[in-house]
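Text of entry.cif (mmCIF, C-alpha atoms) as supplied:
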data_upload
#
loop_
_atom_site.label_atom_id
_atom_site.label_comp_id
_atom_site.auth_asym_id
_atom_site.auth_seq_id
_atom_site.Cartn_x
_atom_site.Cartn_y
_atom_site.Cartn_z
CA MET A 91 271.03 110.43 237.29
CA VAL A 92 273.16 110.73 234.21
CA SER A 93 272.31 110.08 230.63
CA ALA A 94 275.82 109.14 229.58
CA ALA A 95 274.50 105.77 228.50
CA TYR A 96 272.16 107.38 225.96
CA THR A 97 272.98 109.36 222.88
CA ARG A 98 270.82 112.16 221.46
CA GLU A 99 269.61 109.81 218.73
CA GLU A 100 268.67 107.11 221.22
CA ILE A 101 266.67 109.56 223.32
CA LEU A 102 264.88 110.87 220.22
CA GLN A 103 264.12 107.26 219.34
CA LEU A 104 262.58 106.70 222.79
CA LEU A 105 260.53 109.89 222.60
CA SER A 106 259.26 109.11 219.12
CA GLN A 107 256.96 106.50 220.70
CA ILE A 108 254.98 109.05 222.74
CA ALA A 109 251.45 109.38 221.45
CA ASP A 110 249.54 112.63 221.10
CA PRO A 111 247.11 112.71 224.06
CA GLU A 112 244.23 114.00 221.92
CA ILE A 113 244.83 111.88 218.81
CA PRO A 114 246.48 108.72 220.23
CA VAL A 115 247.01 107.12 216.82
CA VAL A 116 249.77 109.59 215.97
CA THR A 117 252.97 110.30 217.86
CA ILE A 118 254.38 113.66 218.90
CA GLN A 119 257.15 113.08 216.39
CA GLU A 120 254.78 112.40 213.50
CA ILE A 121 252.75 115.49 214.31
CA GLY A 122 255.92 117.57 214.20
CA MET A 123 256.09 118.71 217.82
CA LEU A 124 259.23 116.84 218.84
CA GLN A 125 262.00 119.12 217.64
CA ASP A 126 265.28 118.12 219.23
CA VAL A 127 267.15 116.81 222.24
CA HIS A 128 270.22 118.46 223.76
CA ILE A 129 272.43 116.41 226.06
CA THR A 130 273.23 118.43 229.20
CA ASP A 131 275.56 117.88 232.17
CA ASP A 132 272.87 116.26 234.28
CA GLY A 133 270.59 114.74 231.65
CA CYS A 134 268.92 116.23 228.65
CA GLN A 135 266.72 119.07 227.44
CA VAL A 136 263.85 118.15 225.14
CA ILE A 137 262.73 120.80 222.66
CA ILE A 138 259.01 120.80 221.87
CA THR A 139 257.07 123.13 219.54
CA PRO A 140 253.53 123.74 220.76
CA THR A 141 250.75 123.31 218.21
CA TYR A 142 248.18 125.83 219.47
CA THR A 143 249.32 128.26 222.17
CA GLY A 144 246.52 127.22 224.50
CA CYS A 145 246.57 123.50 223.75
CA PRO A 146 245.92 121.71 227.08
CA ALA A 147 247.70 118.64 225.71
CA MET A 148 251.03 120.44 226.14
CA GLY A 149 251.08 119.85 229.89
CA ILE A 150 250.33 116.16 229.39
CA ILE A 151 253.00 115.80 226.71
CA GLU A 152 255.54 117.43 229.00
CA ALA A 153 254.63 115.02 231.79
CA ASP A 154 254.72 112.03 229.40
CA VAL A 155 258.19 112.99 228.15
CA LYS A 156 259.56 113.32 231.67
CA ALA A 157 257.93 110.10 232.86
CA LEU A 158 259.26 108.06 229.95
CA LEU A 159 262.81 109.35 230.29
CA ASP A 160 262.63 108.95 234.04
CA LYS A 161 261.85 105.27 233.54
CA HIS A 162 265.11 104.97 231.62
CA GLY A 163 266.99 106.81 234.34
CA ILE A 164 267.38 109.98 232.27
CA ASN A 165 266.97 113.33 233.99
CA SER A 166 265.17 115.78 231.68
CA THR A 167 263.72 119.25 231.26
CA VAL A 168 261.27 120.27 228.55
CA LYS A 169 261.63 123.54 226.70
CA LEU A 170 258.83 124.98 224.58
CA VAL A 171 260.04 126.91 221.55
CA TYR A 172 257.83 129.01 219.31
CA HIS A 173 260.38 129.65 216.59
CA PRO A 174 259.95 128.42 213.93
CA ALA A 175 256.18 128.32 214.48
CA TRP A 176 254.54 124.92 214.20
CA THR A 177 252.38 124.42 211.15
CA THR A 178 250.18 121.54 210.03
CA ASP A 179 252.67 121.06 207.17
CA ASN A 180 254.92 119.50 209.83
CA ILE A 181 252.53 116.56 210.11
CA THR A 182 253.95 113.60 208.17
CA ASP A 183 251.95 111.98 205.38
CA VAL A 184 251.89 108.73 207.36
CA ALA A 185 250.32 110.55 210.30
CA LYS A 186 247.77 112.23 208.03
CA GLU A 187 246.73 108.82 206.73
CA LYS A 188 246.48 107.49 210.31
CA MET A 189 244.30 110.46 211.27
CA LYS A 190 242.00 109.72 208.37
CA GLN A 191 241.68 106.07 209.40
CA TYR A 192 240.89 107.31 212.90
CA GLY A 193 238.00 109.41 211.53
CA ILE A 194 239.57 112.86 211.51
CA ALA A 195 239.96 114.59 208.16
CA PRO A 196 243.62 115.67 207.88
CA PRO A 197 244.51 119.33 207.21
CA VAL A 198 244.86 120.76 203.74
CA HIS A 199 247.97 122.85 203.00
CA SER A 200 248.61 125.61 205.55
CA GLY A 201 248.95 128.26 202.85
CA CYS A 202 245.25 127.88 202.21
CA ASP A 203 242.71 130.62 202.58
CA VAL A 204 240.84 129.92 205.82
CA ALA A 205 237.42 130.79 204.44
CA GLY A 206 237.79 129.28 200.97
CA ALA A 207 239.80 126.06 200.81
CA GLU A 208 238.21 124.56 203.88
CA ALA A 209 234.73 124.69 202.41
CA HIS A 210 234.76 121.17 200.93
CA ILE A 211 236.79 118.77 203.00
CA ALA A 212 236.65 115.12 201.93
CA CYS A 213 234.72 112.91 204.36
CA PRO A 214 237.13 110.55 206.17
CA GLN A 215 234.42 107.86 206.24
CA CYS A 216 233.22 107.66 202.63
CA GLY A 217 235.56 110.01 200.79
CA SER A 218 232.80 112.24 199.43
CA SER A 219 233.62 115.91 199.04
CA SER A 220 229.98 116.87 199.40
CA THR A 221 230.46 118.03 202.98
CA GLU A 222 229.41 121.00 205.06
CA GLN A 223 231.10 122.91 207.82
CA ILE A 224 228.97 122.95 210.97
CA SER A 225 231.32 125.00 213.11
CA ARG A 226 234.79 126.38 212.66
CA PHE A 227 235.52 125.34 216.26
CA GLY A 228 235.30 121.74 217.45
CA SER A 229 236.06 119.62 220.51
CA THR A 230 239.65 120.87 220.60
CA ALA A 231 241.32 124.07 219.41
CA CYS A 232 242.83 122.29 216.40
CA LYS A 233 239.63 120.85 214.95
CA ALA A 234 236.46 122.02 213.20
CA LEU A 235 233.09 120.25 212.94
CA TYR A 236 231.76 118.98 209.62
CA LYS A 237 229.04 116.72 208.32
CA CYS A 238 228.96 114.58 205.21
CA ASN A 239 225.97 115.05 202.92
CA GLU A 240 226.63 111.66 201.31
CA CYS A 241 226.97 109.19 204.20
CA LYS A 242 225.35 111.62 206.67
CA GLU A 243 228.11 111.06 209.24
CA PRO A 244 229.44 113.96 211.28
CA PHE A 245 233.23 114.22 211.40
CA GLU A 246 236.06 116.39 212.66
CA TYR A 247 238.55 118.18 210.49
CA PHE A 248 242.06 119.05 211.65
CA LYS A 249 242.28 122.74 210.67
CA CYS A 250 245.19 123.98 208.60
CA HIS A 251 247.44 126.08 210.76
CA MET B 138 266.75 156.05 227.98
CA ALA B 139 264.99 153.19 229.63
CA ASP B 140 266.64 149.81 229.44
CA ILE B 141 265.47 147.89 226.36
CA ASN B 142 264.60 144.80 228.39
CA GLU B 143 262.42 146.90 230.68
CA LEU B 144 260.51 148.23 227.66
CA LYS B 145 260.07 144.76 226.24
CA TYR B 146 258.88 143.58 229.65
CA THR B 147 256.18 146.28 229.77
CA TYR B 148 255.20 145.50 226.20
CA SER B 149 254.92 141.77 226.83
CA LEU B 150 252.90 142.31 230.00
CA ARG B 151 250.38 144.53 228.22
CA LEU B 152 249.90 142.00 225.44
CA ALA B 153 249.46 139.26 228.01
CA ASP B 154 246.93 141.34 229.98
CA ASN B 155 244.81 142.02 226.90
CA ALA B 156 244.69 138.32 226.04
CA TRP B 157 244.12 137.23 229.63
CA ILE B 158 241.25 139.62 230.41
CA LEU B 159 239.47 138.98 227.11
CA SER B 160 239.90 135.23 227.55
CA HIS B 161 238.26 135.39 230.96
CA ARG B 162 235.32 137.31 229.55
CA LEU B 163 234.84 134.71 226.81
CA SER B 164 235.16 131.85 229.25
CA GLU B 165 232.17 133.31 231.12
CA TRP B 166 230.14 132.08 228.13
CA CYS B 167 231.04 128.47 228.92
CA SER B 168 227.73 126.55 229.12
CA ASN B 169 225.83 129.81 228.44
CA GLY B 170 226.27 129.95 224.66
CA PRO B 171 223.17 130.32 222.48
CA PHE B 172 223.72 126.75 221.19
CA LEU B 173 226.33 124.05 221.59
CA GLU B 174 228.55 124.87 218.59
CA GLU B 175 228.69 128.53 219.53
CA ASP B 176 229.46 127.64 223.13
CA LEU B 177 232.41 125.63 221.80
CA ALA B 178 233.49 128.42 219.49
CA LEU B 179 233.59 131.10 222.20
CA THR B 180 235.42 128.87 224.66
CA ASN B 181 237.85 127.72 221.95
CA ILE B 182 238.73 131.34 221.31
CA ALA B 183 239.08 131.83 225.07
CA LEU B 184 241.53 128.92 225.10
CA ASP B 185 243.63 130.45 222.31
CA LEU B 186 243.75 133.66 224.35
CA ILE B 187 244.75 131.87 227.57
CA GLY B 188 247.61 130.24 225.68
CA ARG B 189 248.66 133.58 224.25
CA ALA B 190 248.49 135.23 227.68
CA GLN B 191 250.62 132.49 229.19
CA ALA B 192 253.25 132.78 226.47
CA PHE B 193 253.54 136.57 226.89
CA TYR B 194 253.53 136.36 230.72
CA ASN B 195 256.29 133.76 230.50
CA TYR B 196 258.32 136.04 228.27
CA ALA B 197 257.75 138.95 230.67
CA ALA B 198 258.97 136.67 233.48
CA GLU B 199 262.08 135.79 231.49
CA LEU B 200 262.82 139.46 230.80
CA GLU B 201 262.25 140.45 234.42
CA GLY B 202 264.32 137.55 235.75
CA LYS B 203 262.85 137.56 239.26
CA GLY B 204 261.31 134.12 239.07
CA ARG B 205 257.71 135.28 238.84
CA THR B 206 255.25 133.07 236.97
CA ALA B 207 252.18 133.62 234.79
CA ASP B 208 250.01 132.78 237.81
CA ASP B 209 251.56 135.58 239.87
CA TRP B 210 250.47 138.13 237.29
CA ALA B 211 247.09 136.57 236.67
CA TYR B 212 245.97 136.08 240.26
CA ARG B 213 247.96 138.43 242.46
CA ARG B 214 247.52 141.86 241.04
CA ASN B 215 244.88 144.47 241.77
CA GLU B 216 243.03 146.27 239.01
CA ARG B 217 245.34 149.30 239.01
CA GLN B 218 248.20 146.94 238.15
CA TYR B 219 246.51 145.62 235.01
CA TYR B 220 247.38 147.24 231.67
CA ASN B 221 244.80 145.79 229.28
CA ASN B 222 242.71 147.92 226.93
CA LEU B 223 239.31 148.88 228.38
CA LEU B 224 237.57 147.17 225.47
CA ALA B 225 238.82 143.76 226.64
CA GLU B 226 237.20 144.10 230.07
CA MET B 227 233.77 145.20 228.82
CA PRO B 228 231.06 142.86 230.13
CA ASN B 229 229.67 140.19 227.82
CA GLY B 230 226.22 141.82 227.76
CA ASN B 231 224.01 140.05 225.25
CA PHE B 232 225.42 137.89 222.45
CA ALA B 233 225.61 140.88 220.09
CA ASP B 234 227.68 142.85 222.63
CA THR B 235 230.17 139.97 222.84
CA ILE B 236 230.34 139.62 219.06
CA ALA B 237 230.88 143.37 218.53
CA ARG B 238 233.72 143.30 221.09
CA GLN B 239 235.19 140.25 219.31
CA LEU B 240 235.10 141.98 215.96
CA PHE B 241 236.77 145.16 217.24
CA MET B 242 239.46 143.26 219.15
CA SER B 243 240.15 140.57 216.54
CA VAL B 244 240.55 143.02 213.66
CA TYR B 245 242.92 145.11 215.78
CA GLU B 246 244.90 142.02 216.79
CA TYR B 247 245.10 140.86 213.19
CA TYR B 248 246.88 144.02 212.03
CA PHE B 249 248.90 144.29 215.23
CA PHE B 250 250.35 140.77 215.06
CA MET B 251 250.75 141.02 211.30
CA SER B 252 253.18 143.84 212.02
CA LEU B 253 254.74 142.29 215.14
CA GLN B 254 255.70 139.12 213.26
CA ASN B 255 258.42 141.24 211.62
CA SER B 256 259.82 142.28 215.00
CA LYS B 257 263.58 142.20 215.45
CA ASP B 258 262.92 140.45 218.74
CA GLU B 259 262.84 136.74 217.91
CA THR B 260 260.36 135.80 220.65
CA PHE B 261 257.90 138.58 219.78
CA ALA B 262 258.14 137.62 216.09
CA ALA B 263 257.58 133.91 216.74
CA LEU B 264 254.66 134.45 219.12
CA ALA B 265 253.11 136.94 216.71
CA ALA B 266 253.33 134.49 213.80
CA LYS B 267 251.65 131.82 215.91
CA THR B 268 248.97 134.18 217.21
CA LEU B 269 248.18 135.46 213.75
CA LYS B 270 247.14 131.98 212.60
CA GLU B 271 244.66 131.78 215.45
CA VAL B 272 243.35 135.33 215.03
CA LYS B 273 242.46 134.62 211.39
CA TYR B 274 239.85 132.15 212.65
CA HIS B 275 238.63 134.61 215.32
CA ILE B 276 238.07 137.32 212.71
CA VAL B 277 236.07 135.08 210.38
CA HIS B 278 233.94 133.96 213.32
CA ALA B 279 233.17 137.50 214.52
CA ALA B 280 232.64 139.00 211.05
CA ASP B 281 230.29 136.16 210.02
CA TRP B 282 228.17 136.82 213.08
CA VAL B 283 228.12 140.60 212.66
CA VAL B 284 226.84 140.15 209.10
CA ARG B 285 224.35 137.50 210.15
CA LEU B 286 222.96 139.65 212.97
CA GLY B 287 223.11 142.96 211.10
CA ASP B 288 221.55 141.59 207.94
CA GLY B 289 219.14 139.40 209.92
CA THR B 290 215.88 140.31 211.63
CA ALA B 291 214.94 143.80 212.79
CA GLU B 292 215.64 142.75 216.36
CA SER B 293 219.07 141.24 215.67
CA HIS B 294 219.93 144.29 213.55
CA ASN B 295 219.04 146.66 216.38
CA LYS B 296 220.90 144.65 218.98
CA ILE B 297 224.17 144.50 217.03
CA GLN B 298 223.89 148.19 216.06
CA GLN B 299 223.41 149.11 219.73
CA ALA B 300 226.38 146.92 220.67
CA ILE B 301 228.58 148.61 218.02
CA ASN B 302 227.48 152.07 219.18
CA GLY B 303 227.96 151.25 222.86
CA LEU B 304 231.50 149.89 222.50
CA TRP B 305 232.71 152.45 219.96
CA MET B 306 234.06 154.85 222.60
CA TYR B 307 236.51 152.18 223.78
CA THR B 308 238.04 151.52 220.37
CA GLY B 309 240.19 154.66 220.18
CA GLU B 310 242.38 153.40 222.99
CA LEU B 311 243.58 150.48 220.89
CA PHE B 312 245.75 152.94 218.94
CA ASP B 313 247.10 154.82 221.94
CA THR B 314 250.82 155.32 221.62
CA ASP B 315 253.05 156.08 224.58
CA GLU B 316 256.79 156.28 225.13
CA THR B 317 257.20 152.49 225.33
CA ASP B 318 255.42 152.05 222.00
CA ILE B 319 257.43 154.77 220.29
CA MET B 320 260.81 153.58 221.53
CA LEU B 321 260.20 149.94 220.64
CA SER B 322 258.67 150.83 217.32
CA GLU B 323 261.69 152.99 216.43
CA GLN B 324 263.98 150.06 217.17
CA GLY B 325 261.96 147.72 214.95
CA ILE B 326 260.91 145.65 217.96
CA GLY B 327 257.40 146.95 218.56
CA VAL B 328 254.52 148.03 216.35
CA ASP B 329 253.70 151.55 215.17
CA ASN B 330 250.27 151.44 216.79
CA GLN B 331 248.94 154.60 215.15
CA SER B 332 249.60 153.26 211.68
CA LEU B 333 247.07 150.49 212.36
CA GLN B 334 244.12 152.83 212.84
CA THR B 335 243.33 153.40 209.15
CA LEU B 336 243.66 149.68 208.39
CA TRP B 337 241.35 148.88 211.28
CA GLU B 338 238.76 151.49 210.31
CA THR B 339 238.69 150.35 206.69
CA HIS B 340 238.31 146.71 207.67
CA ILE B 341 235.56 147.47 210.21
CA SER B 342 233.72 149.71 207.73
CA GLU B 343 233.68 146.91 205.15
CA VAL B 344 232.20 144.43 207.59
CA LEU B 345 229.62 146.91 208.91
CA GLU B 346 228.62 147.88 205.41
CA GLU B 347 228.08 144.26 204.43
CA ALA B 348 226.05 143.85 207.60
CA THR B 349 223.88 146.90 206.67
CA LEU B 350 225.07 148.61 209.87
CA LYS B 351 226.02 152.23 210.47
CA ILE B 352 229.49 153.27 211.52
CA PRO B 353 229.16 155.38 214.68
CA GLU B 354 230.15 159.05 214.46
CA ALA B 355 233.57 159.62 215.97
CA GLU B 356 233.05 161.06 219.42
CA TYR B 357 234.77 161.07 222.76
CA MET B 358 237.13 158.13 223.24
CA GLN B 359 237.66 156.75 226.72
CA THR B 360 241.22 155.73 227.59
CA GLY B 361 243.13 154.78 230.73
CA GLY B 362 243.49 151.00 230.69
CA ARG B 363 247.13 151.05 229.71
CA GLN B 364 247.87 153.34 232.66
CA GLY B 365 245.99 151.00 234.99
CA ILE B 366 242.88 153.20 235.24
CA HIS B 367 239.97 150.93 234.50
CA THR B 368 236.20 150.87 234.31
CA GLU B 369 234.23 149.55 237.29
CA HIS B 370 233.83 146.24 235.46
CA LEU B 371 237.41 145.01 235.88
CA GLY B 372 237.39 144.97 239.68
CA ARG B 373 234.28 142.81 239.78
CA MET B 374 235.71 140.46 237.24
CA LEU B 375 238.96 140.09 239.18
CA GLY B 376 236.96 139.49 242.35
CA GLU B 377 235.53 136.36 240.83
CA MET B 378 238.59 135.32 238.86
CA GLN B 379 241.04 135.63 241.76
CA TYR B 380 238.78 134.35 244.53
CA LEU B 381 240.36 130.93 244.93
CA GLN B 382 243.97 132.10 244.91
CA ARG B 383 243.15 134.94 247.33
CA ALA B 384 241.21 132.69 249.70
CA TYR B 385 243.66 129.78 249.52
CA PRO B 386 247.03 131.19 248.48
CA ASP B 387 249.21 128.69 246.62
CA ALA B 388 246.37 126.18 246.38
CA LYS B 389 247.40 123.36 244.07
CA TRP B 390 245.14 121.40 241.77
#
Let me see the structure of the file written as structure tokens.
Amino acid sequence: MVSAAYTREEILQLLSQIADPEIPVVTIQEIGMLQDVHITDDGCQVIITPTYTGCPAMGIIEADVKALLDKHGINSTVKLVYHPAWTTDNITDVAKEKMKQYGIAPPVHSGCDVAGAEAHIACPQCGSSSTEQISRFGSTACKALYKCNECKEPFEYFKCH
Amino acid sequence: MADINELKYTYSLRLADNAWILSHRLSEWCSNGPFLEEDLALTNIALDLIGRAQAFYNYAAELEGKGRTADDWAYRRNERQYYNNLLAEMPNGNFADTIARQLFMSVYEYYFFMSLQNSKDETFAALAAKTLKEVKYHIVHAADWVVRLGDGTAESHNKIQQAINGLWMYTGELFDTDETDIMLSEQGIGVDNQSLQTLWETHISEVLEEATLKIPEAEYMQTGGRQGIHTEHLGRMLGEMQYLQRAYPDAKW
């Protein structure tokens, strides 16, 4: 298989459709994980920045990338790079809005003080900032558990990182 | 002088071992936590540590260049071939024992990775920067609990004080400095481990004071983990952890 028919930009375009396995409303490009594509002799190398080191979604993303490119006849390898480190600031504003619609409060700025700034996160359901942290650790490594004192709904918050 | 890649390999392996062994201990809490949120918290931290272990094992593999994988190190070594700190392998005990171990380890890791993020080695620096973000959450979690238990009921106070006292003799080893540490530190690649001790002690004292707990008197400190000489607990842990790979080598999911 050769990828001569596809340019770097075209491959990036294809990959930009891949959804995050945990938060399917946003893509791996919008969340800032898709870094680059290098065309190689026998296909391409896709550069991905992991979010959390132990994020189990990484394996799925790698498989999704390979499967999609395979469908287009492109041979690929996936390389994880840790430099520069991924931060929640890499998440686009559009993706943050999509997260909110999906019911997950988007992260505040990564420069924030972990204990302080995350005390009053606006509720993604009703917008109230009268909320309480239930647990700093939620259903996935990247999220914390909150509840809204106004509409009484529990919700997840994507931690700043 | 030893080859620089060999030193970095040893260094990476030790960091991976610490993360891997502690992560396994925390994962033993899965479904045994005192309540659901805490169960999630402990296993989330375990997950961060598994990811960290994998990243440092992968880097060790790259430096060694013999095609070994993270699984080879995790599942196919005997206890004498592990180089984690003894503190990481200490049994979970009661919840206070686990929390005291978390506080001691997390505070150490915080200062360690804070320093390592300035490493001249790009991979060490990048992994340290990433790890540091996760450790900040681990520290807040452990310190909150130490204060809550220490400044709680008489029973919780006694349990966390006993846990602190019992684990104290394993904390000195965190600052052990051998030839590998010195050589890498001199080259700006590794961390000056000894310089972290005062920072660690000050930080721990502040938390214990807030928790109305006593700082144990400095006594005998047990070491040996980094030379592969472990407590009896590691062997038992490996027995369970490695069972599947030993019984069915190369078993695939």
Please write the residues picked by the PyMOL selection byres ((chain B) within 12 of (chain A)) on this file as a ChimeraX atom specification. /B:156-157,160,172-193,195-196,254,258-281
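Summary of the local environment: counting all atoms listed in the file, residues at most 8 Å from Ile341 (chain B), other than itself and those fewer than 5 positions away along its chain, are Leu240, Phe241 and Val244 of chain B.
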| Residues returned when the PyMOL selection byres ((chain B and resi 215) around 10) runs on this file, as an MDAnalysis selection string | chainID B and resid 210:214 216:219 365 371:372 375:376 379
Expressed in Å, the length from CA of Asp140 (chain B) to CA of Ser256 (chain B) is 17.7 Å
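Picked by the PyMOL selection byres ((chain B and resi 320) around 12) from the coordinates shown: Met138, Ala139, Asp140, Ile141, Asn142, Glu143, Leu144, Lys145, Thr147, Tyr148, Thr314, Asp315, Glu316, Thr317, Asp318, Ile319, Leu321, Ser322, Glu323, Gln324, Gly325, Ile326, Gly327, Val328, Asp329 and Asn330 of chain B.
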Pairwise distance, CA of Arg205 (chain B) with CA of Ser243 (chain B), equals 28.9 Å
So that I can see what lies close to Ile138 (chain A), please list as a list of chain:residue names the residues with an atom at most 8 Å from it, counting all atoms listed in the file and leaving out residues fewer than 2 positions away in the same chain. A:Met123, A:Leu124, A:Gln125, A:Asp126, A:Val136, A:Pro140, A:Val168, A:Lys169, A:Leu170, A:Val171
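Here CA of Ile301 (chain B) and CA of Ala237 (chain B) stand 5.7 Å from one another.
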- In the coordinate frame of the file, compute which residues have an atom within 12 Å of (245.2, 110.0, 210.9) when using all atoms listed in the file, and state them as a PyMOL selection string. chain A and resi 110+112-117+120-121+181-197+214-215+246-248
- Protein, DNA and RNA residues within 10 Å of (228.8, 143.8, 210.4), all atoms listed in the file, as a list in words: Ile236, Ala237, Leu240, Ala279, Ala280, Asp281, Trp282, Val283, Val284, Arg285, Leu286, Gly287, Asp288, His294, Ile297, Gln298, Ile301, Ile341, Ser342, Glu343, Val344, Leu345, Glu346, Glu347, Ala348, Thr349, Leu350, Lys351 and Ile352 of chain B
Six-sided padding of 4 Å per side, axis-aligned box over region 97-109 of chain A, centre and edges in Å, one decimal, as lines of an AutoDock Vina configuration file:
center_x = 262.2
center_y = 109.3
center_z = 221.0
size_x = 29.5
size_y = 13.7
size_z = 12.6
